[in-house]
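Trainee: For reference, the file entry-v3.cif (mmCIF, C-alpha atoms) is included below:
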```cif
data_structure
loop_
_atom_site.label_atom_id
_atom_site.label_comp_id
_atom_site.auth_asym_id
_atom_site.auth_seq_id
_atom_site.Cartn_x
_atom_site.Cartn_y
_atom_site.Cartn_z
CA MET A 151 100.74 81.92 97.44
CA ASP A 152 98.49 84.93 97.22
CA PHE A 153 97.67 87.81 99.50
CA PHE A 154 94.87 86.01 101.26
CA ASP A 155 97.18 83.20 102.27
CA ALA A 156 99.68 85.72 103.62
CA LEU A 157 96.91 87.47 105.54
CA LYS A 158 95.79 84.14 106.97
CA ILE A 159 99.28 83.58 108.32
CA SER A 160 99.38 86.94 110.08
CA ALA A 161 95.83 86.44 111.34
CA SER A 162 96.88 83.14 112.92
CA GLY A 163 99.69 85.01 114.68
CA LEU A 164 97.23 87.57 116.00
CA ALA A 165 94.88 84.87 117.26
CA ALA A 166 97.66 82.96 119.00
CA GLN A 167 99.00 86.05 120.75
CA ARG A 168 95.49 86.99 121.81
CA THR A 169 95.01 83.57 123.37
CA ARG A 170 98.34 83.93 125.12
CA LEU A 171 97.24 87.31 126.46
CA SER A 172 94.04 85.77 127.89
CA VAL A 173 95.94 83.03 129.63
CA LEU A 174 98.53 85.43 131.08
CA SER A 175 95.84 87.85 132.23
CA SER A 176 94.05 85.02 133.93
CA ASN A 177 97.28 84.09 135.70
CA LEU A 178 97.74 87.67 136.81
CA ALA A 179 94.16 88.01 138.03
CA ASN A 180 94.57 84.83 140.09
CA ALA A 181 97.93 85.71 141.60
CA ASN A 182 96.43 85.57 145.04
CA SER A 183 93.80 82.87 144.60
CA THR A 184 94.57 80.40 147.37
CA ARG A 185 91.69 78.18 146.29
CA SER A 186 91.33 77.00 142.69
CA ALA A 187 88.01 76.53 140.90
CA ASP A 188 87.85 72.80 141.72
CA GLY A 189 88.87 73.40 145.30
CA SER A 190 91.99 71.24 145.04
CA GLY A 191 94.45 73.77 146.34
CA PRO A 192 95.84 77.10 145.18
CA TYR A 193 95.52 78.38 141.61
CA LYS A 194 98.13 76.93 139.27
CA ARG A 195 99.37 79.14 136.47
CA ARG A 196 98.76 78.10 132.89
CA ASP A 197 100.91 78.36 129.74
CA PRO A 198 99.84 78.33 126.09
CA ILE A 199 101.89 76.04 123.86
CA PHE A 200 102.33 77.28 120.31
CA GLN A 201 102.87 75.02 117.37
CA GLU A 202 103.81 75.50 113.75
CA VAL A 203 101.11 74.71 111.18
CA LYS A 204 102.40 74.26 107.63
CA MET A 205 100.29 75.97 104.97
CA GLY A 206 100.29 72.77 102.99
CA SER A 207 98.03 71.18 105.55
CA PHE A 208 95.04 73.34 104.74
CA ASP A 209 95.62 74.51 101.20
CA ASN A 210 96.25 72.18 98.32
CA HIS A 211 96.54 74.75 95.55
CA LEU A 212 99.94 75.93 96.78
CA ASP A 213 103.23 75.07 95.10
CA LYS A 214 105.81 72.90 96.82
CA ALA A 215 107.83 75.74 98.35
CA SER A 216 104.78 77.59 99.65
CA LYS A 217 103.43 74.48 101.35
CA LYS A 218 106.39 74.62 103.74
CA ILE A 219 105.60 78.12 104.93
CA SER A 220 103.99 78.01 108.34
CA ALA A 221 101.23 79.70 110.24
CA VAL A 222 100.86 79.23 114.00
CA SER A 223 98.24 77.87 116.32
CA VAL A 224 97.87 77.18 120.01
CA ARG A 225 98.20 73.45 120.46
CA ASP A 226 97.34 73.31 124.11
CA ILE A 227 97.14 75.30 127.32
CA VAL A 228 99.09 73.40 129.92
CA THR A 229 99.04 73.80 133.66
CA ASP A 230 102.28 74.60 135.41
CA ASN A 231 102.53 72.21 138.33
CA THR A 232 105.56 73.68 140.09
CA PRO A 233 104.54 74.31 143.66
CA GLY A 234 104.13 77.91 144.70
CA PRO A 235 105.55 79.55 147.83
CA ARG A 236 104.19 78.65 151.23
CA VAL A 237 103.48 81.60 153.45
CA TYR A 238 103.10 81.45 157.23
CA ASP A 239 99.68 82.92 158.08
CA PRO A 240 97.71 80.87 160.63
CA SER A 241 94.76 83.25 160.60
CA HIS A 242 94.12 82.62 156.88
CA PRO A 243 90.99 80.54 156.14
CA ASP A 244 93.03 78.28 153.83
CA ALA A 245 95.92 77.74 156.24
CA ASP A 246 96.87 74.09 156.78
CA LYS A 247 97.42 72.47 160.15
CA ASP A 248 100.90 73.99 160.44
CA GLY A 249 99.58 77.48 159.76
CA TYR A 250 101.06 77.68 156.24
CA VAL A 251 99.10 78.88 153.23
CA SER A 252 100.07 77.53 149.79
CA MET A 253 100.13 80.47 147.40
CA PRO A 254 99.71 80.23 143.62
CA ASN A 255 102.88 79.76 141.61
CA VAL A 256 102.33 83.08 139.84
CA ASN A 257 105.26 85.48 139.72
CA LEU A 258 103.92 88.96 139.01
CA VAL A 259 107.09 90.19 137.35
CA THR A 260 107.30 87.21 134.99
CA GLU A 261 103.65 87.43 134.01
CA LEU A 262 103.85 91.18 133.41
CA SER A 263 106.95 90.98 131.24
CA ASP A 264 105.35 88.10 129.29
CA ILE A 265 102.30 90.27 128.76
CA MET A 266 104.50 93.06 127.39
CA ALA A 267 106.24 90.61 125.07
CA THR A 268 102.85 89.34 123.90
CA SER A 269 101.76 92.87 123.16
CA ARG A 270 104.88 93.52 121.05
CA ALA A 271 104.47 90.24 119.20
CA TYR A 272 100.85 91.16 118.49
CA GLU A 273 101.97 94.52 117.07
CA ALA A 274 104.52 92.80 114.85
CA ASN A 275 101.80 90.64 113.30
CA VAL A 276 99.68 93.76 112.80
CA THR A 277 102.60 95.38 110.98
CA ALA A 278 102.92 92.32 108.75
CA MET A 279 99.26 92.65 107.81
CA GLN A 280 99.68 96.34 107.09
CA SER A 281 102.65 95.61 104.82
CA ALA A 282 100.48 93.19 102.88
CA LYS A 283 97.82 95.85 102.49
CA GLN A 284 100.48 98.32 101.31
CA MET A 285 101.52 95.87 98.61
CA VAL A 286 97.92 95.43 97.45
CA ASN A 287 97.54 99.21 97.24
CA ALA A 288 100.71 99.47 95.15
CA VAL A 289 99.33 96.91 92.71
CA LEU A 290 96.01 98.72 92.44
CA GLN A 291 97.89 101.81 91.21
CA ILE A 292 98.96 99.96 88.08
CA GLY A 293 96.99 101.24 85.15
CA LYS A 294 95.68 104.31 86.95
CA GLY A 295 96.34 107.78 85.56
CA MET B 287 107.11 93.26 71.62
CA LYS B 288 110.50 93.30 73.27
CA SER B 289 109.19 95.21 76.26
CA ASP B 290 107.17 92.17 77.20
CA LEU B 291 110.29 90.70 78.75
CA SER B 292 110.76 93.47 81.29
CA ILE B 293 107.09 93.57 82.29
CA GLU B 294 107.06 89.77 82.55
CA ALA B 295 110.22 89.83 84.61
CA MET B 296 108.85 92.47 86.96
CA SER B 297 105.55 90.66 87.32
CA LYS B 298 107.40 87.46 88.17
CA ALA B 299 109.57 89.33 90.65
CA MET B 300 106.42 90.59 92.35
CA SER B 301 104.98 87.07 92.64
CA LEU B 302 108.19 85.85 94.20
CA ARG B 303 108.34 88.74 96.62
CA LEU B 304 104.80 87.94 97.67
CA LYS B 305 105.92 84.42 98.51
CA ARG B 306 108.81 85.87 100.48
CA HIS B 307 106.37 88.08 102.38
CA ALA B 308 104.35 85.01 103.34
CA ALA B 309 107.48 83.27 104.62
CA ILE B 310 108.44 86.32 106.71
CA ALA B 311 104.87 86.64 108.01
CA GLY B 312 105.11 82.99 109.04
CA ASN B 313 108.37 83.69 110.89
CA ILE B 314 106.78 86.59 112.73
CA ALA B 315 103.69 84.55 113.58
CA ASN B 316 105.94 81.75 114.92
CA ALA B 317 108.33 84.02 116.83
CA ASP B 318 107.33 82.29 120.09
CA THR B 319 106.85 78.74 118.84
CA PRO B 320 109.23 76.32 120.56
CA GLY B 321 111.73 74.75 118.16
CA TYR B 322 110.77 76.94 115.21
CA ARG B 323 113.52 78.09 112.85
CA PRO B 324 112.93 80.97 110.39
CA LYS B 325 112.28 80.26 106.72
CA GLN B 326 113.31 82.36 103.73
CA ILE B 327 112.64 82.28 99.99
CA ALA B 328 115.60 82.70 97.59
CA PHE B 329 114.94 83.78 94.02
CA GLU B 330 117.26 86.62 92.99
CA ASP B 331 119.91 84.44 91.36
CA SER B 332 117.60 82.25 89.29
CA LEU B 333 115.50 85.24 88.31
CA GLN B 334 118.50 87.25 87.16
CA ARG B 335 119.74 84.28 85.16
CA ALA B 336 116.35 83.89 83.49
CA VAL B 337 116.34 87.59 82.56
CA LEU B 338 119.79 87.25 80.96
CA GLY B 339 118.48 84.27 79.03
CA ARG B 340 116.02 86.67 77.38
CA SER B 341 113.17 84.22 77.03
CA VAL B 342 109.74 84.47 78.61
CA GLY B 343 109.65 80.69 78.88
CA ASN B 344 112.66 80.68 81.18
CA LEU B 345 111.06 83.33 83.34
CA GLU B 346 107.93 81.31 83.90
CA LYS B 347 109.96 78.41 85.21
CA VAL B 348 111.58 80.38 88.02
CA GLU B 349 110.26 79.29 91.39
CA GLY B 350 111.41 80.53 94.72
CA ARG B 351 113.47 78.09 96.75
CA ILE B 352 112.52 77.80 100.40
CA PHE B 353 115.22 77.21 102.97
CA THR B 354 115.66 77.40 106.73
CA ILE B 355 118.05 79.89 108.26
CA ASP B 356 118.63 80.74 111.92
CA ASP B 357 118.59 84.43 112.78
CA GLY B 358 121.07 83.75 115.54
CA THR B 359 121.74 81.32 118.35
CA PRO B 360 118.58 79.42 119.25
CA ARG B 361 116.99 80.23 122.57
CA PRO B 362 116.52 77.52 125.22
CA ASP B 363 113.17 76.49 123.69
CA GLY B 364 114.83 75.93 120.30
CA ASN B 365 113.33 79.01 118.62
CA SER B 366 115.84 81.11 116.64
CA VAL B 367 113.66 83.91 115.27
CA ASN B 368 114.96 87.46 115.70
CA MET B 369 111.98 89.76 115.43
CA ASP B 370 114.03 92.82 114.45
CA LYS B 371 115.73 90.99 111.60
CA GLN B 372 112.42 89.70 110.31
CA MET B 373 110.85 93.16 110.47
CA ALA B 374 113.82 94.61 108.56
CA ASN B 375 113.49 91.89 105.92
CA MET B 376 109.79 92.58 105.63
CA THR B 377 110.35 96.32 105.20
CA GLU B 378 112.90 95.77 102.44
CA ASN B 379 110.69 93.27 100.66
CA THR B 380 107.60 95.48 100.80
CA LEU B 381 109.60 98.45 99.53
CA LEU B 382 110.98 96.58 96.54
CA TYR B 383 107.55 95.11 95.78
CA SER B 384 105.96 98.57 95.79
CA ALA B 385 108.81 100.01 93.70
CA THR B 386 108.42 97.25 91.12
CA ALA B 387 104.66 97.87 90.96
CA GLU B 388 105.40 101.55 90.39
CA PHE B 389 107.81 100.74 87.54
CA VAL B 390 105.22 98.57 85.84
CA ALA B 391 102.62 101.31 86.28
CA ARG B 392 104.91 103.93 84.75
CA LYS B 393 105.85 101.76 81.85
CA LEU B 394 102.25 101.01 80.99
CA ARG B 395 101.32 104.66 81.35
CA MET B 396 104.10 105.58 78.95
CA ILE B 397 102.96 103.05 76.37
CA LYS B 398 99.37 104.24 76.74
CA SER B 399 100.37 107.89 76.35
CA VAL B 400 101.43 107.43 72.74
CA MET B 401 98.38 105.53 71.61
CA MET C 16 113.61 125.26 69.77
CA LYS C 17 114.97 122.75 67.33
CA ILE C 18 114.51 119.02 67.71
CA GLY C 19 118.21 118.53 68.22
CA GLY C 20 118.17 121.27 70.86
CA ILE C 21 115.54 119.58 73.01
CA THR C 22 117.07 116.15 72.96
CA SER C 23 120.49 117.50 73.76
CA SER C 24 118.97 119.44 76.69
CA ILE C 25 117.76 116.12 78.04
CA GLY C 26 121.32 114.91 77.66
CA GLU C 27 122.55 117.98 79.55
CA ILE C 28 120.19 117.43 82.45
CA ALA C 29 121.26 113.82 82.54
CA GLY C 30 124.87 114.99 82.57
CA LYS C 31 124.28 117.10 85.69
CA VAL C 32 122.93 114.14 87.66
CA LYS C 33 125.33 111.49 88.95
CA LEU C 34 124.54 108.30 87.06
CA SER C 35 125.95 104.82 87.07
CA PRO C 36 128.68 104.04 84.51
CA ASP C 37 126.34 101.77 82.52
CA LEU C 38 123.68 104.43 82.17
CA GLU C 39 126.25 107.06 81.22
CA ARG C 40 127.74 104.83 78.59
CA ALA C 41 124.35 104.17 77.03
CA LEU C 42 123.58 107.87 76.87
CA LYS C 43 126.99 108.78 75.45
CA LYS C 44 126.54 106.14 72.77
CA SER C 45 123.29 107.67 71.59
CA ALA C 46 124.65 111.23 71.86
CA ALA C 47 127.74 110.40 69.78
CA LYS C 48 125.65 109.32 66.83
CA GLU C 49 123.85 112.70 66.69
CA SER C 50 126.61 114.59 64.94
CA GLU C 51 126.44 112.60 61.69
CA ALA C 52 123.02 113.56 60.28
CA SER C 53 123.15 114.25 56.56
CA SER C 54 119.46 114.62 55.81
CA PHE C 55 116.21 115.22 57.61
CA GLY C 56 115.35 111.57 57.21
CA ASP C 57 118.65 110.52 58.73
CA MET C 58 118.22 112.88 61.65
CA LEU C 59 114.74 111.49 62.31
CA LEU C 60 116.06 107.97 62.32
CA GLN C 61 118.78 108.95 64.76
CA LYS C 62 116.27 110.51 67.11
CA ILE C 63 114.05 107.47 66.95
CA GLU C 64 117.01 105.27 67.71
CA LYS C 65 117.89 107.45 70.67
CA VAL C 66 114.36 107.17 72.01
CA ASP C 67 114.58 103.41 71.62
CA GLN C 68 117.94 103.40 73.40
CA LEU C 69 116.50 105.32 76.33
CA GLN C 70 113.61 102.85 76.47
CA LYS C 71 116.00 99.92 76.62
CA THR C 72 118.04 101.61 79.33
CA ALA C 73 114.92 102.27 81.38
CA ASP C 74 113.81 98.65 80.97
CA THR C 75 117.15 97.34 82.13
CA ALA C 76 117.33 99.69 85.12
CA ALA C 77 113.79 98.80 86.26
CA THR C 78 114.31 95.08 85.78
CA ASP C 79 117.58 95.25 87.69
CA VAL C 80 115.88 96.76 90.71
CA ALA C 81 113.00 94.29 90.46
CA THR C 82 115.30 91.25 90.34
CA GLY C 83 117.48 92.57 93.14
CA LYS C 84 120.55 93.15 90.96
CA GLY C 85 120.93 96.88 91.60
CA ARG C 86 119.33 98.78 94.43
CA ASP C 87 119.38 102.24 92.83
CA LEU C 88 115.74 103.16 92.80
CA HIS C 89 116.51 106.77 91.90
CA GLU C 90 118.43 105.67 88.84
CA ALA C 91 115.59 103.49 87.59
CA ILE C 92 113.03 106.26 88.12
CA LEU C 93 115.28 108.76 86.36
CA ALA C 94 115.85 106.44 83.42
CA MET C 95 112.10 105.86 83.10
CA GLU C 96 111.36 109.56 83.19
CA MET C 97 113.95 110.27 80.50
CA ALA C 98 112.53 107.52 78.33
CA ASP C 99 109.01 108.82 78.87
CA THR C 100 109.96 112.43 78.13
CA SER C 101 111.84 111.60 74.96
CA LEU C 102 108.98 109.42 73.77
CA ARG C 103 106.38 112.12 74.35
CA LEU C 104 108.67 114.61 72.62
CA MET C 105 108.93 112.39 69.59
CA VAL C 106 105.17 112.03 69.45
CA THR C 107 104.70 115.78 69.73
CA VAL C 108 107.21 116.40 66.96
CA ARG C 109 105.44 113.87 64.79
CA ASN C 110 102.11 115.55 65.44
CA LYS C 111 103.50 118.99 64.63
CA ALA C 112 105.13 117.71 61.44
CA LEU C 113 101.85 116.14 60.42
CA GLU C 114 100.01 119.37 61.12
CA ALA C 115 102.52 121.34 59.07
CA TYR C 116 102.22 118.87 56.20
CA GLN C 117 98.45 119.13 56.22
CA GLU C 118 98.67 122.95 56.26
CA ILE C 119 100.90 122.90 53.25
CA MET C 120 98.62 120.50 51.43
CA LYS C 121 95.68 122.80 52.04
CA MET C 122 97.36 125.70 50.24
CA PRO C 123 95.85 126.45 46.88
CA VAL C 124 98.44 126.14 44.15
#
```
Would you mind writing the file's structure down as structure tokens?

Mentor:
Amino acid sequence: MDFFDALKISASGLAAQRTRLSVLSSNLANANSTRSADGSGPYKRRDPIFQEVKMGSFDNHLDKASKKISAVSVRDIVTDNTPGPRVYDPSHPDADKDGYVSMPNVNLVTELSDIMATSRAYEANVTAMQSAKQMVNAVLQIGKG
Amino acid sequence: MKSDLSIEAMSKAMSLRLKRHAAIAGNIANADTPGYRPKQIAFEDSLQRAVLGRSVGNLEKVEGRIFTIDDGTPRPDGNSVNMDKQMANMTENTLLYSATAEFVARKLRMIKSVM
Amino acid sequence: MKIGGITSSIGEIAGKVKLSPDLERALKKSAAKESEASSFGDMLLQKIEKVDQLQKTADTAATDVATGKGRDLHEAILAMEMADTSLRLMVTVRNKALEAYQEIMKMPV
């Protein structure tokens, strides 16, 4: 296991968190979209699903122990099908025959706190990368002076 | 040269700490993965034993042992990573890696200074 | 300053700093042997042995930190510095002795 493998692991974390941020931002932006892109009803929020990816699966020069160390990837982005709240507003263009509008199942507070958590997780992966760089710098000092 | 043993031992320690860093980086990257449990590399005991054995051959055979350890009670999605614990582990590991590199650097400088 | 004076100053400085029992024992061992020099040759050998002892101590301290046995970084750094200083001192003494020898050899008889 060398530095580049370790950097790859942190990079995968950064990529996954970035994807998660996109999905959450999209949810937030569509918090009031009563009509989804395919016209089949209100916007439904989406969730990224992370999965573990063992290093052994893309690098065969690793030793047995190192193969079990994992990076991360986004396996899928699934749609959350829980129905959203129904609001009484007969004057709304998307109101049904009873005057109710189906709103998206996006909870602003949940999405915002998830976004903050994503941001912190992203920072943690950045710190991991910086630690790796620190170690490389320490090695490069050997033999100097 | 007797001093070969200490430089060899420190070099080996650095390789093992690098592996440990990768494991911790993996834990941090998977801090939100459902069902993921943190991994750790153990090497201190076997390394210390190899150093006491005083042979470079023994040193080369030391490999880190990977094992799974929960940071605490798993959350509802099965993930048991505690970010703070992992960050603390990473800080300690990086510090000891850098210190070891510094020791090797000083030792070599000292040897060079008398040539 | 005599050779003995410099190396015992190193010992003094070491004495003022709080060190682990192992390190102290190693230093005391090498200091105890100093008092028995009977000739210049003997004294030289003692000094060389002391330098070697300090080297070994530094090696052990550094390896201990590296393998996670002890966590005293300051002790390892200190031990390395003492080993380095005593080694450089020995080299300087050797150089001076060589210079002196060559000076003497140059003298017309």

Trainee: Could you list, as a VMD selection string, every residue of chain B that has an atom within 8 Å of an atom of chain C, counting all atoms listed in the file?

Mentor: chain B and resid 289 292 295 to 296 299 to 300 330 333 to 334 382 to 383 385 to 386 389 392 to 393 396 399 to 400

Trainee: Mind giving me the straight-line distance from CA of Arg270 (chain A) to CA of Ile327 (chain B) in Å, one decimal?

Mentor: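 One can read the CA of Arg270 (chain A) to CA of Ile327 (chain B) distance as 25.1 Å.
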
Trainee: Please evaluate the PyMOL selection byres ((chain A and resi 195) around 12) against the displayed coordinates and give the resulting residues as a PDB file with C-alpha atoms, in the coordinates of the input.

Mentor:
```pdb
ATOM      1  CA  VAL A 173      95.940  83.030 129.630  1.00  0.00           C
ATOM      2  CA  LEU A 174      98.530  85.430 131.080  1.00  0.00           C
ATOM      3  CA  SER A 175      95.840  87.850 132.230  1.00  0.00           C
ATOM      4  CA  SER A 176      94.050  85.020 133.930  1.00  0.00           C
ATOM      5  CA  ASN A 177      97.280  84.090 135.700  1.00  0.00           C
ATOM      6  CA  LEU A 178      97.740  87.670 136.810  1.00  0.00           C
ATOM      7  CA  ALA A 179      94.160  88.010 138.030  1.00  0.00           C
ATOM      8  CA  ASN A 180      94.570  84.830 140.090  1.00  0.00           C
ATOM      9  CA  ALA A 181      97.930  85.710 141.600  1.00  0.00           C
ATOM     10  CA  ASN A 182      96.430  85.570 145.040  1.00  0.00           C
ATOM     11  CA  SER A 183      93.800  82.870 144.600  1.00  0.00           C
ATOM     12  CA  THR A 184      94.570  80.400 147.370  1.00  0.00           C
ATOM     13  CA  SER A 186      91.330  77.000 142.690  1.00  0.00           C
ATOM     14  CA  PRO A 192      95.840  77.100 145.180  1.00  0.00           C
ATOM     15  CA  TYR A 193      95.520  78.380 141.610  1.00  0.00           C
ATOM     16  CA  LYS A 194      98.130  76.930 139.270  1.00  0.00           C
ATOM     17  CA  ARG A 196      98.760  78.100 132.890  1.00  0.00           C
ATOM     18  CA  ASP A 197     100.910  78.360 129.740  1.00  0.00           C
ATOM     19  CA  PRO A 198      99.840  78.330 126.090  1.00  0.00           C
ATOM     20  CA  ILE A 227      97.140  75.300 127.320  1.00  0.00           C
ATOM     21  CA  VAL A 228      99.090  73.400 129.920  1.00  0.00           C
ATOM     22  CA  THR A 229      99.040  73.800 133.660  1.00  0.00           C
ATOM     23  CA  ASP A 230     102.280  74.600 135.410  1.00  0.00           C
ATOM     24  CA  ASN A 231     102.530  72.210 138.330  1.00  0.00           C
ATOM     25  CA  THR A 232     105.560  73.680 140.090  1.00  0.00           C
ATOM     26  CA  PRO A 233     104.540  74.310 143.660  1.00  0.00           C
ATOM     27  CA  GLY A 234     104.130  77.910 144.700  1.00  0.00           C
ATOM     28  CA  MET A 253     100.130  80.470 147.400  1.00  0.00           C
ATOM     29  CA  PRO A 254      99.710  80.230 143.620  1.00  0.00           C
ATOM     30  CA  ASN A 255     102.880  79.760 141.610  1.00  0.00           C
ATOM     31  CA  VAL A 256     102.330  83.080 139.840  1.00  0.00           C
ATOM     32  CA  ASN A 257     105.260  85.480 139.720  1.00  0.00           C
ATOM     33  CA  LEU A 258     103.920  88.960 139.010  1.00  0.00           C
ATOM     34  CA  THR A 260     107.300  87.210 134.990  1.00  0.00           C
ATOM     35  CA  GLU A 261     103.650  87.430 134.010  1.00  0.00           C
TER      36      GLU A 261
END
```

Trainee: Contacts from chain B to chain A, 10 Å maximum, all atoms listed in the file: show me the residue list as a PyMOL selection string.

Mentor: chain B and resi 300-302+304-322+324-327+349-353+369-370+372-373+376-377+379-395+398

Trainee: Counting all atoms listed in the file, which of B:Val348, B:Ile293, B:Ala374, B:Met401 gets nearest to Ala336 (chain B)?

Mentor: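 Smallest separation from Ala336 (chain B) among the options: B:Val348.
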
Trainee: Could you tell me how far CA of Ser366 (chain B) sits from CA of Asp226 (chain A), in Å to one decimal place?

Mentor: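 If I compute the distance from CA of Asp226 (chain A) to CA of Ser366 (chain B), I get 21.4 Å.
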
Trainee: Run the PyMOL selection byres ((chain A and resi 238) around 8) against the file shown and list the residues it catches, as a list in words.

Mentor: Arg236, Val237, Asp239, Pro240, Gly249, Tyr250 and Val251 of chain A

Trainee: Would you mind reading off the distance between CA of Ser297 (chain B) and CA of Gly85 (chain C), one decimal, in Å?

Mentor: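 CA of Gly85 (chain C) lies 17.1 Å from CA of Ser297 (chain B).
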